[in-house]
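Undergrad: Got a structure for you, my_file_9.txt, holding compact mmCIF, C-alpha atoms.
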```
# COMPACT_ATOMS: atom_id res chain seq x y z
CA MET E 1 -0.67 19.10 20.39
CA SER E 2 2.18 17.71 18.30
CA THR E 3 1.90 14.65 16.10
CA LEU E 4 4.57 12.99 18.24
CA GLN E 5 2.64 13.59 21.46
CA THR E 6 -0.54 12.23 19.88
CA ALA E 7 1.30 9.09 18.79
CA ILE E 8 2.74 8.56 22.27
CA GLU E 9 -0.66 9.03 23.89
CA THR E 10 -2.11 6.43 21.50
CA ILE E 11 0.56 3.95 22.59
CA ILE E 12 -0.18 4.64 26.26
CA ALA E 13 -3.91 4.18 25.75
CA ALA E 14 -3.36 0.75 24.19
CA SER E 15 -1.13 -0.46 27.04
CA SER E 16 -2.21 -2.11 30.28
CA ALA E 17 -0.71 0.71 32.35
CA THR E 18 -2.94 2.57 34.78
CA LYS E 19 -0.73 5.66 34.48
CA MET E 20 2.29 6.68 32.42
CA GLY E 21 4.43 9.77 32.80
CA VAL E 22 6.60 10.64 29.80
CA ALA E 23 9.33 13.20 29.22
CA VAL E 24 11.04 13.48 25.83
CA LYS E 25 13.60 15.98 24.59
CA HIS E 26 15.45 15.79 21.29
CA LEU E 27 18.75 17.27 22.34
CA GLU E 28 19.81 18.70 18.99
CA SER E 29 16.54 20.39 17.96
CA GLY E 30 15.06 21.01 21.40
CA GLU E 31 11.72 19.41 20.46
CA GLU E 32 9.94 18.25 23.63
CA VAL E 33 6.95 16.17 24.67
CA TYR E 34 5.68 16.00 28.25
CA ILE E 35 2.79 13.83 29.44
CA ALA E 36 2.12 13.78 33.21
CA ALA E 37 5.80 14.67 33.42
CA ASP E 38 5.56 16.69 36.64
CA GLN E 39 3.84 13.97 38.65
CA PRO E 40 6.04 12.08 41.14
CA PHE E 41 6.55 8.35 40.72
CA PRO E 42 8.51 5.86 42.83
CA LEU E 43 11.83 5.64 41.01
CA CYS E 44 12.54 2.03 41.96
CA SER E 45 16.00 1.24 40.57
CA VAL E 46 16.06 4.35 38.39
CA PHE E 47 17.26 6.01 41.61
CA LYS E 48 20.60 4.38 40.81
CA ILE E 49 21.25 7.09 38.20
CA PRO E 50 21.32 9.80 40.90
CA VAL E 51 23.48 7.46 43.01
CA LEU E 52 25.90 7.12 40.08
CA VAL E 53 26.05 10.91 39.75
CA GLU E 54 26.72 11.42 43.47
CA ALA E 55 29.45 8.77 43.39
CA PHE E 56 31.25 10.69 40.62
CA HIS E 57 30.67 13.90 42.60
CA GLN E 58 32.43 12.45 45.65
CA MET E 59 35.23 11.05 43.50
CA ASP E 60 35.71 14.56 42.11
CA GLN E 61 36.10 15.71 45.73
CA GLY E 62 38.84 13.11 46.25
CA ARG E 63 36.94 10.88 48.71
CA PHE E 64 37.66 7.68 46.75
CA THR E 65 38.59 6.52 43.24
CA LEU E 66 37.25 4.11 40.68
CA GLU E 67 40.11 1.74 41.49
CA ASP E 68 39.54 1.60 45.26
CA ARG E 69 38.41 -1.84 46.48
CA TRP E 70 35.64 -2.34 49.01
CA GLU E 71 34.96 -5.61 50.81
CA LEU E 72 31.75 -7.54 50.22
CA THR E 73 30.17 -8.46 53.55
CA LEU E 74 27.05 -10.34 54.56
CA ALA E 75 25.67 -7.21 56.23
CA GLU E 76 25.49 -5.42 52.87
CA LYS E 77 23.98 -8.26 50.85
CA ASN E 78 20.47 -7.78 49.49
CA LEU E 79 17.95 -9.89 47.67
CA PRO E 80 18.43 -9.88 43.89
CA SER E 81 18.50 -8.34 41.34
CA GLY E 82 22.20 -8.85 40.83
CA ILE E 83 24.87 -11.44 41.52
CA LEU E 84 26.92 -10.24 44.50
CA VAL E 85 24.46 -11.76 46.96
CA PHE E 86 25.44 -15.19 45.59
CA LEU E 87 29.21 -14.63 45.91
CA GLN E 88 31.44 -15.29 48.90
CA ASP E 89 31.96 -12.71 51.62
CA GLY E 90 35.38 -11.11 51.44
CA LEU E 91 35.33 -10.43 47.70
CA MET E 92 37.03 -7.09 46.96
CA PRO E 93 35.43 -5.48 43.88
CA THR E 94 36.59 -2.07 42.71
CA VAL E 95 34.33 0.96 42.88
CA ARG E 96 34.22 0.79 39.08
CA ASP E 97 32.97 -2.81 39.35
CA LEU E 98 30.30 -1.85 41.86
CA LEU E 99 29.02 1.11 39.84
CA THR E 100 28.92 -1.05 36.72
CA LEU E 101 27.03 -3.86 38.47
CA MET E 102 24.64 -1.34 40.03
CA ILE E 103 23.68 0.07 36.64
CA ILE E 104 23.94 -2.66 34.03
CA ILE E 105 22.30 -5.54 35.97
CA SER E 106 20.81 -3.39 38.76
CA ASP E 107 22.79 -5.22 41.46
CA ASN E 108 21.15 -4.33 44.76
CA THR E 109 24.09 -5.34 46.93
CA ALA E 110 26.49 -3.23 44.88
CA THR E 111 24.07 -0.32 45.24
CA ASP E 112 24.00 -0.42 49.03
CA MET E 113 27.77 -0.90 49.24
CA ILE E 114 28.03 2.39 47.36
CA MET E 115 25.26 4.20 49.22
CA HIS E 116 26.67 3.33 52.64
CA ARG E 117 29.95 5.00 51.67
CA LEU E 118 28.27 8.04 50.10
CA GLY E 119 26.44 8.79 53.33
CA GLU E 120 22.82 9.38 54.24
CA GLY E 121 21.14 12.26 52.44
CA THR E 122 24.04 13.05 50.12
CA VAL E 123 22.32 11.90 46.91
CA THR E 124 19.24 14.05 47.52
CA GLN E 125 21.37 17.01 48.56
CA TYR E 126 23.42 16.93 45.36
CA MET E 127 20.34 16.52 43.17
CA HIS E 128 18.90 19.64 44.78
CA GLU E 129 22.20 21.50 44.30
CA LEU E 130 21.87 20.67 40.60
CA GLY E 131 18.41 22.26 40.64
CA LEU E 132 16.57 18.93 40.49
CA THR E 133 14.43 19.49 43.55
CA ASP E 134 11.81 16.92 42.50
CA ILE E 135 14.30 14.07 42.99
CA HIS E 136 14.55 12.52 46.47
CA VAL E 137 16.69 9.49 47.37
CA PRO E 138 16.43 8.82 51.13
CA MET E 139 16.10 5.01 50.99
CA THR E 140 18.69 2.32 50.40
CA VAL E 141 17.66 -0.91 48.68
CA ARG E 142 17.59 -2.65 52.06
CA ASN E 143 15.29 0.10 53.39
CA ILE E 144 12.91 -0.57 50.50
CA PHE E 145 12.88 -4.34 51.01
CA VAL E 146 12.38 -4.05 54.77
CA ASP E 147 9.53 -1.62 54.21
CA ILE E 148 7.79 -3.99 51.77
CA MET E 149 8.67 -7.40 53.23
CA GLY E 150 9.71 -6.82 56.84
CA GLU E 151 13.09 -7.66 58.36
CA ALA E 152 12.71 -11.43 58.05
CA GLY E 153 11.39 -11.38 54.50
CA SER E 154 14.16 -9.11 53.26
CA ASP E 155 17.01 -11.15 54.79
CA PRO E 156 18.98 -12.78 51.92
CA ARG E 157 19.98 -15.65 54.23
CA ARG E 158 16.32 -16.65 54.34
CA ALA E 159 16.10 -16.94 50.58
CA PHE E 160 19.39 -18.73 49.95
CA THR E 161 19.82 -21.09 52.89
CA ASN E 162 18.49 -24.03 50.90
CA LEU E 163 17.79 -23.32 47.25
CA ALA E 164 16.21 -26.76 46.80
CA THR E 165 13.44 -25.93 49.29
CA PRO E 166 10.42 -23.85 48.21
CA GLN E 167 10.53 -20.49 49.93
CA PRO E 168 7.48 -19.13 51.75
CA ALA E 169 5.99 -16.01 50.23
CA GLY E 170 6.99 -12.83 52.03
CA SER E 171 4.62 -10.08 53.05
CA SER E 172 4.03 -7.27 50.57
CA ASN E 173 3.29 -3.92 52.18
CA ARG E 174 2.03 -1.36 49.67
CA LYS E 175 1.13 1.27 52.23
CA GLY E 176 4.61 2.10 53.53
CA HIS E 177 7.42 4.34 52.33
CA ALA E 178 8.42 2.22 49.33
CA TYR E 179 5.22 3.13 47.46
CA SER E 180 4.95 6.68 48.77
CA LEU E 181 4.94 9.58 46.33
CA GLY E 182 6.53 11.92 48.87
CA PRO E 183 10.12 12.76 49.83
CA ASP E 184 10.17 9.88 52.34
CA ASN E 185 10.66 7.57 49.33
CA ASP E 186 13.04 7.40 46.37
CA VAL E 187 10.85 9.44 44.03
CA GLY E 188 11.15 11.74 41.06
CA THR E 189 9.24 13.19 38.14
CA PRO E 190 9.84 12.16 34.53
CA ARG E 191 10.84 15.75 33.75
CA ALA E 192 13.46 15.85 36.53
CA LEU E 193 15.06 12.51 35.60
CA ASN E 194 15.07 13.50 31.96
CA ARG E 195 16.84 16.73 32.81
CA LEU E 196 19.44 14.79 34.83
CA ASN E 197 20.14 12.55 31.83
CA GLU E 198 20.39 15.59 29.57
CA MET E 199 22.90 17.19 31.95
CA ILE E 200 25.01 14.03 31.95
CA PHE E 201 24.99 13.79 28.15
CA CYS E 202 25.81 17.48 27.69
CA GLY E 203 28.67 17.45 30.21
CA GLN E 204 26.89 19.84 32.57
CA ILE E 205 27.72 17.91 35.77
CA LEU E 206 31.25 18.24 37.21
CA ASN E 207 33.16 18.03 33.90
CA ARG E 208 33.13 16.33 30.51
CA ALA E 209 35.36 13.45 31.66
CA ALA E 210 33.10 12.61 34.61
CA CYS E 211 29.98 12.69 32.44
CA ASP E 212 31.68 10.49 29.84
CA GLY E 213 32.51 8.04 32.63
CA MET E 214 28.85 7.89 33.66
CA LEU E 215 27.69 7.47 30.07
CA HIS E 216 30.21 4.67 29.49
CA ILE E 217 28.62 2.71 32.34
CA LEU E 218 25.03 3.51 31.33
CA LEU E 219 25.73 2.42 27.74
CA GLN E 220 26.62 -1.08 28.97
CA GLN E 221 23.05 -1.67 30.19
CA GLN E 222 21.96 -5.31 29.93
CA LEU E 223 18.27 -4.85 30.85
CA ASP E 224 16.94 -3.79 27.46
CA LEU E 225 13.32 -5.01 27.28
CA ARG E 226 11.57 -1.67 27.79
CA LEU E 227 12.47 1.47 25.82
CA PRO E 228 15.07 -0.37 23.65
CA ARG E 229 12.75 -3.38 23.14
CA PHE E 230 12.04 -2.83 19.42
CA LEU E 231 15.13 -0.86 18.40
CA PRO E 232 17.46 -2.10 15.66
CA GLU E 233 20.09 -4.41 17.14
CA GLY E 234 23.12 -2.56 18.38
CA THR E 235 21.41 0.83 18.83
CA PRO E 236 23.24 2.57 21.71
CA PHE E 237 21.01 3.48 24.65
CA ALA E 238 22.47 4.82 27.92
CA HIS E 239 19.69 4.05 30.38
CA LYS E 240 18.46 2.49 33.62
CA THR E 241 15.28 0.56 34.37
CA GLY E 242 13.36 0.37 37.64
CA THR E 243 10.86 -2.23 38.86
CA LEU E 244 8.60 -3.01 41.78
CA SER E 245 5.34 -4.90 41.74
CA GLY E 246 2.94 -2.61 39.90
CA ILE E 247 5.70 -0.24 38.70
CA ARG E 248 7.77 -0.30 35.47
CA ASN E 249 10.24 2.51 34.68
CA ASP E 250 12.99 3.35 32.19
CA SER E 251 15.08 6.49 31.71
CA GLY E 252 18.06 7.45 29.59
CA ILE E 253 19.60 8.75 26.36
CA LEU E 254 18.72 7.17 23.00
CA TYR E 255 21.48 7.49 20.38
CA CYS E 256 19.51 7.66 17.11
CA ASN E 257 22.71 8.38 15.17
CA ASP E 258 25.95 10.31 15.67
CA HIS E 259 24.11 13.62 15.35
CA SER E 260 20.74 12.86 16.92
CA HIS E 261 20.08 12.01 20.56
CA VAL E 262 16.90 11.83 22.62
CA ALA E 263 16.57 12.12 26.38
CA VAL E 264 13.55 9.99 27.27
CA THR E 265 11.99 8.96 30.58
CA VAL E 266 8.88 6.82 30.95
CA PHE E 267 7.48 5.92 34.38
CA SER E 268 4.40 3.73 34.74
CA THR E 269 2.08 2.02 37.17
CA TRP E 270 -0.14 -0.98 36.44
CA ASP E 271 -2.63 -3.10 38.38
CA ALA E 272 -0.49 -5.96 39.67
CA ALA E 273 -3.03 -6.82 42.38
CA ALA E 274 -5.60 -7.83 39.76
CA VAL E 275 -3.42 -10.69 38.49
CA LYS E 276 -1.37 -11.59 41.57
CA ASP E 277 -2.67 -15.17 41.71
CA ASP E 278 -2.38 -15.83 37.97
CA PRO E 279 1.24 -15.87 36.76
CA VAL E 280 0.20 -16.20 33.10
CA ALA E 281 -2.07 -13.15 33.28
CA GLU E 282 0.59 -11.29 35.24
CA TRP E 283 3.22 -11.96 32.60
CA ASP E 284 0.81 -10.90 29.87
CA SER E 285 0.15 -7.58 31.63
CA ILE E 286 3.86 -6.97 32.19
CA THR E 287 4.59 -7.71 28.54
CA ARG E 288 1.93 -5.25 27.39
CA VAL E 289 3.37 -2.49 29.58
CA ASP E 290 6.96 -3.22 28.50
CA SER E 291 5.87 -3.36 24.87
CA ALA E 292 4.35 0.12 25.23
CA PHE E 293 7.77 1.32 26.36
CA GLY E 294 9.29 -0.39 23.35
CA HIS E 295 6.83 1.21 20.93
CA ILE E 296 7.65 4.63 22.40
CA GLY E 297 11.38 3.95 22.01
CA ARG E 298 10.95 2.84 18.41
CA LEU E 299 8.71 5.81 17.62
CA LEU E 300 11.39 8.20 18.89
CA PHE E 301 14.10 6.39 16.95
CA ASP E 302 12.11 6.52 13.70
CA THR E 303 11.18 10.18 14.29
CA PHE E 304 14.67 11.45 15.03
CA LYS E 305 17.07 9.04 13.29
```
Show this structure as structure tokens.
TA:
Amino acid sequence: MSTLQTAIETIIAASSATKMGVAVKHLESGEEVYIAADQPFPLCSVFKIPVLVEAFHQMDQGRFTLEDRWELTLAEKNLPSGILVFLQDGLMPTVRDLLTLMIIISDNTATDMIMHRLGEGTVTQYMHELGLTDIHVPMTVRNIFVDIMGEAGSDPRRAFTNLATPQPAGSSNRKGHAYSLGPDNDVGTPRALNRLNEMIFCGQILNRAACDGMLHILLQQQLDLRLPRFLPEGTPFAHKTGTLSGIRNDSGILYCNDHSHVAVTVFSTWDAAAVKDDPVAEWDSITRVDSAFGHIGRLLFDTFK
């Protein structure tokens, strides 16, 4: 066992996670670490990386362009994260805008606007064509919310009709598709997502220009409190987080310097049910999990910088 793997396992043991899967590859030297890396996890919003890749795939086929404009409608609005749900119907963002919002603030409405145009099953199909058969993306964001909260609970009109009125708590189904580890859910292994990120960085999908376009969006990420949490300010990190109750994920490419890059994916589960009625304890548990991500990110930076 390598010193690096031992250090990562020590970080995991000190966290409040019930399980962590880790995949690490230093792209210049080839050094690798894998911990539970072939176990499937719900991707949560990390599935938006495969969606980004399929969008560039369909643009390469001439189906649309980054400058095309698609209309925002009530039917495609989702509960946050994101901002489009708060904006007026009829807005006409470009595809570039939607992809950027989907990745850098995890906008759920932007995501479904893209997925509806890509078509059912296309993301999974292209992942499998790339050899990434452990990645499955059958569910839109709305599918996930309906599965967890039911139709009424997932309706954004319910949440935003009167913002000055306390909203009733929605149901939270943990036994449906959204928490499944099978191909009926948006799932993947740390190894498979790490390989996808490596392929993007190395220009092995479509062409160099397309991969550079994906990296440009991923590098604008605004949600930086997991793997980048303890990095020196300004350290580039092309990545995407994912979150559901009891799940914290992060996956991407860490730029240690101009000549040293690390593909890293960390997926985790934690016991949200144990603290569901105590928001202070819940926040403390979340912070401990996210800090474990941050310690892993800093360890990799210090090892490979």
Undergrad: To one decimal place, how far is CA of Glu54 (chain E) from CA of Leu118 (chain E) in Å?
TA: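 CA of Glu54 (chain E) sits 7.6 Å away from CA of Leu118 (chain E).
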Undergrad: Would you kindly return, as an MDAnalysis selection string, each protein, DNA or RNA residue with an atom no farther than 8 Å from any atom of Ser154 (chain E), considering only C-alpha atoms and excluding same-chain residues fewer than 2 positions away?
TA: chainID E and resid 78:79 142 145:146 149:152 156 158
Undergrad: Taking all atoms listed in the file into account, which of E:Asp89, E:Asp147, E:Glu31, E:Asp184 comes nearest Leu300 (chain E)?
TA: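 Smallest separation from Leu300 (chain E) among the options: E:Glu31.
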Undergrad: Please identify every residue of region 48-80 of chain E that has at least one atom no farther than 12 Å from an atom of region 246-257 of chain E, counting only C-alpha atoms, and for each give the shortest atom pair and the distance in Å to one decimal, arranged by chain then increasing number, as a Markdown table.
TA:
```
| residue | atom | partner | partner_atom | distance |
| --- | --- | --- | --- | --- |
| E:Lys48 | CA | E:Ser251 | CA | 10.9 |
| E:Ile49 | CA | E:Ser251 | CA | 9.0 |
| E:Pro50 | CA | E:Ser251 | CA | 11.6 |
```
Undergrad: Would you work out the distance separating CA of Leu74 (chain E) from CA of Gly213 (chain E), expressed in Å to one decimal?
TA: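 Going from CA of Leu74 (chain E) over to CA of Gly213 (chain E), I get 29.1 Å.
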Undergrad: In Å, with one decimal, what is the gap from CA of Ile286 (chain E) to CA of Trp270 (chain E)?
TA: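 Going from CA of Ile286 (chain E) over to CA of Trp270 (chain E) covers 8.4 Å.
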Undergrad: Which residue, E:Val264, E:Leu87, E:Ala272, E:Ala164, has the smallest gap to Ile296 (chain E) when you use all atoms listed in the file?
TA: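 Closest residue, counting all atoms listed in the file: E:Val264.
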Undergrad: Complete region 239-251 of chain E with N, CA, C and O atoms (output as a tab-separated table (two decimals), in the frame of the given file).
TA:
```tsv
chain	number	residue	atom	x	y	z
E	239	HIS	N	20.94	3.95	29.63
E	239	HIS	CA	19.69	4.05	30.38
E	239	HIS	C	19.70	3.15	31.61
E	239	HIS	O	20.61	2.35	31.83
E	240	LYS	N	18.64	3.30	32.42
E	240	LYS	CA	18.46	2.49	33.62
E	240	LYS	C	16.97	2.22	33.82
E	240	LYS	O	16.15	3.14	33.74
E	241	THR	N	16.65	0.96	34.08
E	241	THR	CA	15.28	0.56	34.37
E	241	THR	C	15.03	0.58	35.88
E	241	THR	O	15.95	0.62	36.69
E	242	GLY	N	13.75	0.49	36.23
E	242	GLY	CA	13.36	0.37	37.64
E	242	GLY	C	12.08	-0.44	37.74
E	242	GLY	O	11.18	-0.27	36.92
E	243	THR	N	11.99	-1.31	38.77
E	243	THR	CA	10.86	-2.23	38.86
E	243	THR	C	10.49	-2.49	40.31
E	243	THR	O	11.36	-2.77	41.14
E	244	LEU	N	9.23	-2.40	40.61
E	244	LEU	CA	8.60	-3.01	41.78
E	244	LEU	C	7.27	-3.57	41.31
E	244	LEU	O	6.81	-3.24	40.20
E	245	SER	N	6.64	-4.38	42.12
E	245	SER	CA	5.34	-4.90	41.74
E	245	SER	C	4.39	-3.73	41.48
E	245	SER	O	4.18	-2.88	42.33
E	246	GLY	N	3.84	-3.69	40.26
E	246	GLY	CA	2.94	-2.61	39.90
E	246	GLY	C	3.61	-1.37	39.35
E	246	GLY	O	2.93	-0.39	39.05
E	247	ILE	N	4.96	-1.40	39.19
E	247	ILE	CA	5.70	-0.24	38.70
E	247	ILE	C	6.72	-0.71	37.66
E	247	ILE	O	7.45	-1.68	37.90
E	248	ARG	N	6.78	-0.04	36.52
E	248	ARG	CA	7.77	-0.30	35.47
E	248	ARG	C	8.30	1.05	35.01
E	248	ARG	O	7.53	1.91	34.58
E	249	ASN	N	9.62	1.24	35.04
E	249	ASN	CA	10.24	2.51	34.68
E	249	ASN	C	11.42	2.31	33.74
E	249	ASN	O	12.04	1.24	33.74
E	250	ASP	N	11.76	3.35	33.00
E	250	ASP	CA	12.99	3.35	32.19
E	250	ASP	C	13.33	4.80	31.89
E	250	ASP	O	12.43	5.63	31.67
E	251	SER	N	14.65	5.09	31.86
E	251	SER	CA	15.08	6.49	31.71
E	251	SER	C	16.49	6.53	31.15
E	251	SER	O	17.36	5.80	31.62
```
